[in-house]
$ cat start_27.tsv   # TSV, C-alpha atoms
chain	number	residue	atom	x	y	z
A	27	MET	CA	39.33	15.78	63.81
A	28	LYS	CA	38.37	19.41	64.52
A	29	LEU	CA	41.92	20.51	63.62
A	30	TRP	CA	41.71	18.51	60.36
A	31	LYS	CA	38.37	20.13	59.47
A	32	ARG	CA	39.75	23.58	60.19
A	33	THR	CA	42.76	22.83	58.00
A	34	LEU	CA	40.55	21.68	55.13
A	35	THR	CA	38.35	24.74	55.55
A	36	GLY	CA	41.41	26.99	55.49
A	37	LEU	CA	42.72	25.30	52.37
A	38	ALA	CA	39.34	25.65	50.66
A	39	VAL	CA	39.14	29.36	51.50
A	40	GLY	CA	42.71	29.87	50.33
A	41	LEU	CA	42.02	28.12	47.05
A	42	CYS	CA	38.86	30.20	46.50
A	43	LEU	CA	40.75	33.42	47.18
A	44	SER	CA	43.57	32.34	44.85
A	45	SER	CA	41.08	31.51	42.10
A	46	ALA	CA	39.32	34.83	42.59
A	47	LEU	CA	42.60	36.73	42.34
A	48	GLN	CA	43.56	34.86	39.19
A	49	ALA	CA	40.15	35.53	37.67
A	50	ALA	CA	40.47	39.20	38.56
A	51	GLU	CA	43.93	39.56	36.95
A	52	THR	CA	43.77	41.87	33.95
A	53	ILE	CA	46.13	43.39	31.41
A	54	LYS	CA	45.90	47.15	31.65
A	55	ILE	CA	45.84	49.12	28.41
A	56	GLY	CA	46.32	52.84	28.93
A	57	ILE	CA	44.51	55.21	26.58
A	58	ALA	CA	46.32	58.56	26.54
A	59	GLY	CA	44.89	61.42	24.53
A	60	PRO	CA	42.75	64.57	24.65
A	61	GLN	CA	39.48	64.19	26.52
A	62	SER	CA	39.37	67.94	27.09
A	63	GLY	CA	40.56	70.96	25.15
A	64	SER	CA	39.99	72.09	21.59
A	65	VAL	CA	40.76	68.76	19.90
A	66	ALA	CA	38.87	66.46	22.28
A	67	GLN	CA	36.83	65.26	19.27
A	68	TYR	CA	39.89	63.36	18.05
A	69	GLY	CA	40.43	61.94	21.50
A	70	GLU	CA	36.83	60.72	21.46
A	71	MET	CA	37.58	58.74	18.28
A	72	GLN	CA	40.68	57.29	19.93
A	73	PHE	CA	39.00	56.32	23.21
A	74	ASN	CA	35.94	54.86	21.46
A	75	GLY	CA	38.14	52.79	19.16
A	76	VAL	CA	40.18	51.33	22.02
A	77	HIS	CA	37.08	50.50	24.07
A	78	ALA	CA	35.41	48.81	21.09
A	79	ALA	CA	38.48	46.69	20.41
A	80	ILE	CA	38.84	45.74	24.07
A	81	ASP	CA	35.15	44.82	24.37
A	82	LEU	CA	35.31	42.48	21.38
A	83	ILE	CA	38.62	40.92	22.43
A	84	ASN	CA	37.37	40.29	25.96
A	85	LYS	CA	34.19	38.78	24.57
A	86	ALA	CA	36.36	36.38	22.58
A	87	GLY	CA	38.30	35.32	25.67
A	88	GLY	CA	40.90	38.04	26.12
A	89	VAL	CA	44.61	37.24	26.05
A	90	LYS	CA	45.17	33.64	27.15
A	91	GLY	CA	42.23	33.96	29.52
A	92	LYS	CA	43.22	37.35	30.89
A	93	MET	CA	40.83	40.21	30.29
A	94	LEU	CA	41.95	43.59	29.01
A	95	GLU	CA	41.24	46.62	31.17
A	96	ALA	CA	41.17	50.15	29.73
A	97	VAL	CA	42.71	52.91	31.88
A	98	GLU	CA	41.94	56.41	30.62
A	99	TYR	CA	44.26	59.42	30.77
A	100	ASP	CA	43.50	62.95	29.54
A	101	ASP	CA	46.53	64.87	28.24
A	102	ALA	CA	44.41	67.68	26.68
A	103	CYS	CA	46.90	67.68	23.78
A	104	GLU	CA	49.27	69.64	26.03
A	105	PRO	CA	52.95	68.58	26.27
A	106	LYS	CA	53.31	69.36	29.99
A	107	GLN	CA	50.12	67.52	30.85
A	108	ALA	CA	51.27	64.62	28.69
A	109	VAL	CA	54.41	64.26	30.84
A	110	ALA	CA	52.24	64.23	33.98
A	111	VAL	CA	50.07	61.57	32.36
A	112	ALA	CA	53.12	59.50	31.44
A	113	ASN	CA	54.35	59.58	35.02
A	114	LYS	CA	50.90	58.52	36.24
A	115	VAL	CA	50.96	55.62	33.75
A	116	VAL	CA	54.22	54.51	35.34
A	117	ASN	CA	52.83	54.83	38.87
A	118	ASP	CA	49.68	52.93	37.90
A	119	GLY	CA	51.72	49.97	36.70
A	120	VAL	CA	50.41	50.21	33.13
A	121	ARG	CA	52.81	48.63	30.64
A	122	TYR	CA	50.95	49.20	27.36
A	123	VAL	CA	49.62	52.51	26.05
A	124	VAL	CA	47.55	53.43	23.01
A	125	GLY	CA	48.56	57.04	22.53
A	126	HIS	CA	49.30	59.76	22.64
A	127	LEU	CA	47.44	61.42	19.78
A	128	CYS	CA	48.96	64.89	19.31
A	129	SER	CA	52.60	64.81	18.21
A	130	GLY	CA	53.56	67.55	20.66
A	131	SER	CA	52.26	65.35	23.50
A	132	THR	CA	53.61	62.07	22.18
A	133	GLN	CA	57.19	63.30	21.96
A	134	PRO	CA	57.77	64.10	25.68
A	135	ALA	CA	55.53	61.31	26.97
A	136	THR	CA	57.45	58.64	25.08
A	137	ASP	CA	60.69	59.88	26.63
A	138	VAL	CA	59.22	58.65	29.92
A	139	TYR	CA	57.85	55.43	28.44
A	140	GLU	CA	61.16	54.52	26.83
A	141	ASP	CA	63.01	54.88	30.13
A	142	GLU	CA	60.41	52.72	31.89
A	143	GLY	CA	60.02	50.02	29.23
A	144	ILE	CA	56.39	50.94	28.53
A	145	LEU	CA	55.24	50.06	25.01
A	146	ALA	CA	53.25	52.82	23.28
A	147	VAL	CA	51.39	52.65	19.96
A	148	THR	CA	50.57	56.12	18.66
A	149	CYS	CA	48.70	57.70	15.76
A	150	SER	CA	50.91	60.82	15.84
A	151	THR	CA	52.39	61.65	12.46
A	152	ASN	CA	55.44	63.89	13.11
A	153	PRO	CA	58.53	62.05	11.81
A	154	SER	CA	60.85	63.10	14.66
A	155	ILE	CA	58.96	60.91	17.16
A	156	THR	CA	60.56	57.75	15.78
A	157	GLU	CA	63.91	59.29	14.88
A	158	ARG	CA	65.31	58.87	18.40
A	159	GLY	CA	66.25	55.20	18.25
A	160	PHE	CA	63.53	54.21	20.73
A	161	ARG	CA	62.62	50.56	21.22
A	162	TYR	CA	59.13	50.90	22.68
A	163	ILE	CA	57.31	53.22	20.23
A	164	PHE	CA	55.16	52.18	17.25
A	165	ARG	CA	52.64	53.92	14.97
A	166	THR	CA	49.44	52.85	13.30
A	167	ILE	CA	49.47	55.77	10.86
A	168	GLY	CA	51.82	57.19	8.26
A	169	LEU	CA	54.28	60.05	8.60
A	170	ASP	CA	53.94	63.69	7.70
A	171	SER	CA	57.02	63.18	5.55
A	172	ALA	CA	54.69	61.05	3.38
A	173	GLN	CA	51.46	62.98	3.96
A	174	GLY	CA	53.09	66.29	2.99
A	175	PRO	CA	54.33	65.07	-0.40
A	176	THR	CA	50.96	63.40	-1.07
A	177	ALA	CA	49.26	66.78	-0.60
A	178	GLY	CA	51.98	68.73	-2.39
A	179	LYS	CA	51.99	66.50	-5.46
A	180	TYR	CA	48.21	66.64	-5.75
A	181	ILE	CA	48.29	70.44	-5.53
A	182	ALA	CA	51.02	70.72	-8.16
A	183	GLU	CA	49.73	68.12	-10.59
A	184	HIS	CA	45.96	68.52	-10.33
A	185	LEU	CA	45.03	71.88	-8.79
A	186	LYS	CA	47.87	73.85	-10.44
A	187	PRO	CA	47.49	77.07	-8.42
A	188	LYS	CA	49.34	80.24	-9.35
A	189	ARG	CA	49.96	81.61	-5.85
A	190	VAL	CA	49.99	79.44	-2.73
A	191	ALA	CA	50.00	80.32	0.97
A	192	VAL	CA	51.10	77.69	3.50
A	193	ILE	CA	49.85	78.47	7.01
A	194	HIS	CA	50.52	76.58	10.24
A	195	ASP	CA	49.76	76.80	13.96
A	196	LYS	CA	53.41	76.99	15.15
A	197	GLN	CA	53.11	73.60	16.88
A	198	GLN	CA	55.20	70.51	16.23
A	199	TYR	CA	52.56	68.72	14.21
A	200	GLY	CA	51.17	71.70	12.30
A	201	GLU	CA	54.45	73.35	11.39
A	202	GLY	CA	55.97	69.98	10.53
A	203	ILE	CA	53.32	69.00	8.00
A	204	ALA	CA	53.19	72.55	6.59
A	205	SER	CA	56.97	72.55	6.06
A	206	SER	CA	56.75	69.21	4.26
A	207	VAL	CA	54.05	70.54	1.92
A	208	LYS	CA	56.00	73.74	1.28
A	209	SER	CA	59.21	71.91	0.35
A	210	THR	CA	57.29	69.57	-1.97
A	211	LEU	CA	55.55	72.45	-3.71
A	212	GLU	CA	58.77	74.39	-4.17
A	213	SER	CA	60.57	71.32	-5.53
A	214	MET	CA	57.81	71.05	-8.14
A	215	GLY	CA	58.02	74.69	-9.15
A	216	VAL	CA	54.85	75.92	-7.42
A	217	ASN	CA	54.93	79.54	-6.34
A	218	VAL	CA	54.65	79.69	-2.51
A	219	VAL	CA	54.16	83.38	-1.73
A	220	ALA	CA	53.56	83.04	2.03
A	221	PHE	CA	54.62	80.70	4.84
A	222	GLU	CA	53.20	81.99	8.10
A	223	GLY	CA	52.20	80.85	11.54
A	224	VAL	CA	49.10	81.63	13.57
A	225	THR	CA	48.60	81.07	17.28
A	226	ALA	CA	46.52	78.08	18.29
A	227	GLY	CA	43.44	79.32	20.10
A	228	ASP	CA	43.18	82.61	18.20
A	229	LYS	CA	39.70	83.62	17.08
A	230	ASP	CA	40.26	86.56	14.75
A	231	PHE	CA	42.11	85.93	11.50
A	232	SER	CA	41.04	89.05	9.65
A	233	SER	CA	44.60	90.43	9.33
A	234	LEU	CA	45.88	87.17	7.88
A	235	ILE	CA	42.97	86.94	5.46
A	236	ALA	CA	43.44	90.55	4.31
A	237	LYS	CA	47.12	89.84	3.64
A	238	LEU	CA	46.41	86.67	1.67
A	239	LYS	CA	43.69	88.42	-0.28
A	240	LYS	CA	46.10	91.22	-1.16
A	241	GLU	CA	48.64	88.62	-2.32
A	242	ASN	CA	46.05	87.14	-4.71
A	243	VAL	CA	46.48	83.72	-3.15
A	244	ASP	CA	44.40	81.09	-4.94
A	245	LEU	CA	45.22	78.11	-2.67
A	246	VAL	CA	45.77	77.94	1.09
A	247	TYR	CA	47.28	74.88	2.75
A	248	TYR	CA	46.79	74.81	6.52
A	249	GLY	CA	48.92	72.70	8.84
A	250	GLY	CA	47.25	72.28	12.22
A	251	TYR	CA	43.93	71.30	13.80
A	252	HIS	CA	40.33	71.96	12.84
A	253	PRO	CA	39.30	74.74	15.31
A	254	GLU	CA	41.53	77.39	13.75
A	255	LEU	CA	40.98	76.30	10.15
A	256	GLY	CA	37.21	76.26	10.70
A	257	LEU	CA	37.34	79.91	11.74
A	258	ILE	CA	39.68	80.81	8.87
A	259	LEU	CA	37.28	79.19	6.40
A	260	ARG	CA	34.25	81.01	7.81
A	261	GLN	CA	35.94	84.39	8.10
A	262	SER	CA	37.49	84.07	4.62
A	263	ASN	CA	34.09	83.34	3.14
A	264	ASP	CA	32.58	86.33	4.96
A	265	ALA	CA	35.37	88.53	3.56
A	266	GLY	CA	34.74	87.32	0.02
A	267	PHE	CA	38.09	85.49	-0.07
A	268	LYS	CA	37.48	82.09	-1.63
A	269	PRO	CA	40.67	80.24	-2.58
A	270	GLN	CA	40.93	76.46	-2.55
A	271	PHE	CA	41.68	75.29	1.01
A	272	MET	CA	43.47	72.08	1.90
A	273	GLY	CA	44.67	70.45	5.13
A	274	PRO	CA	45.87	67.23	6.81
A	275	GLU	CA	44.01	64.54	8.74
A	276	ALA	CA	43.76	66.74	11.83
A	277	VAL	CA	41.21	68.98	10.12
A	278	GLY	CA	39.05	66.09	8.87
A	279	ASN	CA	36.54	66.29	11.69
A	280	LYS	CA	32.78	66.90	11.59
A	281	GLU	CA	33.29	69.76	14.02
A	282	ILE	CA	34.98	71.78	11.27
A	283	SER	CA	31.65	71.85	9.44
A	284	SER	CA	29.92	73.04	12.60
A	285	ILE	CA	32.43	75.90	12.85
A	286	ALA	CA	32.70	76.84	9.18
A	287	GLY	CA	29.23	75.90	7.94
A	288	PRO	CA	28.88	76.13	4.14
A	289	ALA	CA	32.45	77.45	3.90
A	290	SER	CA	33.75	73.94	4.67
A	291	GLU	CA	32.28	72.59	1.42
A	292	GLY	CA	35.06	71.66	-1.00
A	293	LEU	CA	37.89	71.62	1.50
A	294	ILE	CA	40.42	68.97	0.46
A	295	VAL	CA	41.93	66.76	3.18
A	296	THR	CA	44.42	63.92	3.36
A	297	LEU	CA	43.07	61.10	5.51
A	298	PRO	CA	43.57	57.40	6.16
A	299	ALA	CA	41.22	55.11	4.29
A	300	ARG	CA	37.57	54.64	5.34
A	301	TYR	CA	38.10	51.40	7.23
A	302	ASP	CA	34.52	51.47	8.53
A	303	LEU	CA	33.43	50.54	5.01
A	304	ASN	CA	35.37	47.26	5.07
A	305	GLU	CA	33.02	44.29	5.56
A	306	SER	CA	35.60	42.64	7.82
A	307	ASN	CA	35.11	45.47	10.33
A	308	ALA	CA	31.34	45.04	10.59
A	309	ASP	CA	31.54	43.82	14.20
A	310	VAL	CA	33.36	46.96	15.35
A	311	VAL	CA	30.99	49.20	13.39
A	312	ALA	CA	27.92	47.45	14.81
A	313	LEU	CA	29.22	47.66	18.37
A	314	MET	CA	30.00	51.37	18.09
A	315	LYS	CA	26.66	52.17	16.49
A	316	SER	CA	24.88	50.28	19.27
A	317	LYS	CA	26.53	52.71	21.69
A	318	GLY	CA	25.53	55.73	19.60
A	319	GLN	CA	29.15	56.29	18.48
A	320	ASP	CA	30.45	57.34	15.07
A	321	PRO	CA	32.68	54.65	13.50
A	322	THR	CA	33.84	56.79	10.57
A	323	GLY	CA	36.62	58.78	12.24
A	324	PRO	CA	40.21	58.00	11.18
A	325	PHE	CA	41.53	57.77	14.75
A	326	VAL	CA	38.92	55.15	15.61
A	327	TRP	CA	40.68	52.67	13.37
A	328	THR	CA	44.27	53.55	14.20
A	329	SER	CA	43.27	52.85	17.82
A	330	VAL	CA	41.42	49.60	17.09
A	331	ALA	CA	44.44	48.39	15.11
A	332	ALA	CA	46.78	49.39	17.94
A	333	VAL	CA	44.93	47.18	20.43
A	334	GLN	CA	44.67	44.32	17.95
A	335	SER	CA	48.42	44.49	17.28
A	336	LEU	CA	49.32	44.43	20.96
A	337	VAL	CA	46.97	41.53	21.60
A	338	GLU	CA	48.28	39.38	18.77
A	339	ALA	CA	51.84	39.91	19.99
A	340	MET	CA	50.88	39.16	23.61
A	341	ASN	CA	49.09	36.00	22.54
A	342	LYS	CA	52.33	34.83	20.92
A	343	VAL	CA	54.95	35.87	23.52
A	344	GLY	CA	52.94	36.64	26.66
A	345	ASP	CA	52.17	39.97	28.24
A	346	GLY	CA	54.84	40.03	30.93
A	347	ASP	CA	57.76	41.34	28.89
A	348	THR	CA	57.19	44.46	26.78
A	349	GLU	CA	60.57	44.00	25.11
A	350	LYS	CA	59.46	40.64	23.71
A	351	VAL	CA	56.17	42.16	22.56
A	352	ALA	CA	58.06	44.98	20.83
A	353	ASP	CA	60.41	42.50	19.14
A	354	TYR	CA	57.45	40.46	17.92
A	355	LEU	CA	55.80	43.51	16.36
A	356	ARG	CA	58.99	44.45	14.52
A	357	GLU	CA	59.54	40.95	13.22
A	358	ASN	CA	56.02	40.01	12.11
A	359	THR	CA	53.08	41.18	10.02
A	360	ILE	CA	49.92	41.66	12.09
A	361	ASN	CA	46.42	41.37	10.63
A	362	THR	CA	44.24	44.22	11.88
A	363	SER	CA	41.15	46.26	11.06
A	364	MET	CA	43.43	48.38	8.85
A	365	GLY	CA	44.68	45.31	7.02
A	366	PRO	CA	48.09	43.65	7.46
A	367	LEU	CA	50.55	45.95	9.25
A	368	THR	CA	54.33	45.68	9.15
A	369	TRP	CA	56.76	47.94	11.02
A	370	ASP	CA	60.36	48.91	10.34
A	371	ASP	CA	63.12	49.03	12.95
A	372	LYS	CA	62.02	52.52	14.06
A	373	GLY	CA	58.42	51.46	14.67
A	374	ASP	CA	57.05	53.19	11.57
A	375	LEU	CA	54.51	51.46	9.34
A	376	GLU	CA	55.75	50.21	6.01
A	377	GLY	CA	53.71	51.05	2.92
A	378	PHE	CA	51.05	53.25	4.57
A	379	GLU	CA	49.33	55.61	2.12
A	380	PHE	CA	47.15	58.64	2.82
A	381	GLY	CA	44.08	59.14	0.68
A	382	LEU	CA	42.69	62.41	-0.69
A	383	PHE	CA	39.12	63.42	0.11
A	384	THR	CA	36.74	66.28	-0.60
A	385	TRP	CA	35.05	67.53	2.57
A	386	HIS	CA	31.39	68.53	2.63
A	387	GLN	CA	29.44	70.96	4.77
A	388	ASP	CA	27.39	68.11	6.26
A	389	GLY	CA	30.53	66.67	7.84
A	390	THR	CA	31.01	63.84	5.34
A	391	SER	CA	33.77	63.30	2.81
A	392	THR	CA	34.18	61.60	-0.55
A	393	PRO	CA	37.38	60.19	-2.06
A	394	LEU	CA	39.03	62.09	-4.84
$ encode --input "start_27.tsv" --output "structure tokens"
Amino acid sequence: MKLWKRTLTGLAVGLCLSSALQAAETIKIGIAGPQSGSVAQYGEMQFNGVHAAIDLINKAGGVKGKMLEAVEYDDACEPKQAVAVANKVVNDGVRYVVGHLCSGSTQPATDVYEDEGILAVTCSTNPSITERGFRYIFRTIGLDSAQGPTAGKYIAEHLKPKRVAVIHDKQQYGEGIASSVKSTLESMGVNVVAFEGVTAGDKDFSSLIAKLKKENVDLVYYGGYHPELGLILRQSNDAGFKPQFMGPEAVGNKEISSIAGPASEGLIVTLPARYDLNESNADVVALMKSKGQDPTGPFVWTSVAAVQSLVEAMNKVGDGDTEKVADYLRENTINTSMGPLTWDDKGDLEGFEFGLFTWHQDGTSTPL
């Protein structure tokens, strides 16, 4: 009898432990992006978006009863650090990643992910990222090969400048989008009198501004991130050089208004749509506002949509095989906070369009 009781007790304890382990099982979602460095503001949008999506999905029951667990990684928008992050993702047993954000970080990190069968959904825009025949990479944003022509055509058809300077930060993303704008402008007969690079992190752009002023440039397109353009705007204004400025989604950040002040008024940017204004996204907006977070940033919504896409696929085919999840994404349309998303064989979105916005010194923007 005592042996029987001990056996029953052991079975009961074993069952409790088994149930506890099953209840504790989670699906890890890595968030890889800049939490430090000069573009950490974009990373903040990305991390906040993923956390908001995960919170709401877990509240609704998770993925077939499994909860999602966010695992954060800071790549500082640095390629070498991104590789270290990617290797840590592998060692941590994470199979799904939302990231990276900067194209220069995404490129080397996804080399690692592809070898390890880790599925990554990025909001990087450089076209070369998905030109490598990879199976496990997807985007929730358009390409610079589309964003560049959108900007170039608007410049040529609506702004009609006489002398244009195209400036970039010599990095994969910045030079890539700048080159796309330049080729579009030249194909449309616009006079591009300068195509020059600056060094990311520089603080003094007086020599560049003097040169552009001497060249009688009336429009400057900048390919790169907001810290450098913010300084160029402020220093140009101080020097009495006031052409029309324009840039891509990576300059559409409230911080640019903090850097440039009144000189940021009238800047034209290409950005994804304002998904925070969609009534269907009210739950995400309310959750973020309750945490004191800003739901207006473009990388908030590319990140929310990334999580939603992964979850819908995992609900259909399970979370255990990333190849099956990848196949599902390529073969189906997924309803997300950004609307219905469909991917091509390379993992690029089909039909994505960038919008044009006028930036204001208070950090807001209005559609053109």
$ residues_around --input "start_27.tsv" --residues "Gly63 of chain A" --least-positions-apart "4" --cutoff "12 Å" --atoms "all atoms listed in the file" --output "VMD selection string"
chain A and resid 59 67 to 70 100 to 104 107 128 226 to 227 251 253
$ closest_residue --input "start_27.tsv" --among "A:Gly250, A:Ile282, A:Asp244, A:Leu234" --to "Lys188 of chain A" --atoms "only C-alpha atoms"
A:Asp244
$ atom_distance --input "start_27.tsv" --atom1 "atom CA of Tyr139 of chain A" --atom2 "atom CA of Tyr162 of chain A"
7.4 Å
$ closest_residue --input "start_27.tsv" --among "A:Cys149, A:Leu303, A:Ile360, A:Leu169" --to "Gly202 of chain A" --atoms "all atoms listed in the file"
A:Leu169
$ closest_residue --input "start_27.tsv" --among "A:Gly130, A:Gly377, A:Gly87, A:Pro393" --to "Ile155 of chain A" --atoms "only C-alpha atoms"
A:Gly130
$ atom_distance --input "start_27.tsv" --atom1 "atom CA of Lys54 of chain A" --atom2 "atom CA of Glu98 of chain A"
10.1 Å
$ closest_residue --input "start_27.tsv" --among "A:Tyr199, A:Phe267, A:Phe383, A:Phe73" --to "Asp170 of chain A" --atoms "all atoms listed in the file"
A:Tyr199
$ closest_residue --input "start_27.tsv" --among "A:Lys237, A:His77, A:His252, A:Lys280" --to "Gly200 of chain A" --atoms "all atoms listed in the file"
A:His252
$ atom_distance --input "start_27.tsv" --atom1 "atom CA of Gly56 of chain A" --atom2 "atom CA of Ser306 of chain A"
25.8 Å
$ closest_residue --input "start_27.tsv" --among "A:Asn84, A:Thr166, A:Asn341, A:Gln387" --to "Met364 of chain A" --atoms "all atoms listed in the file"
A:Thr166
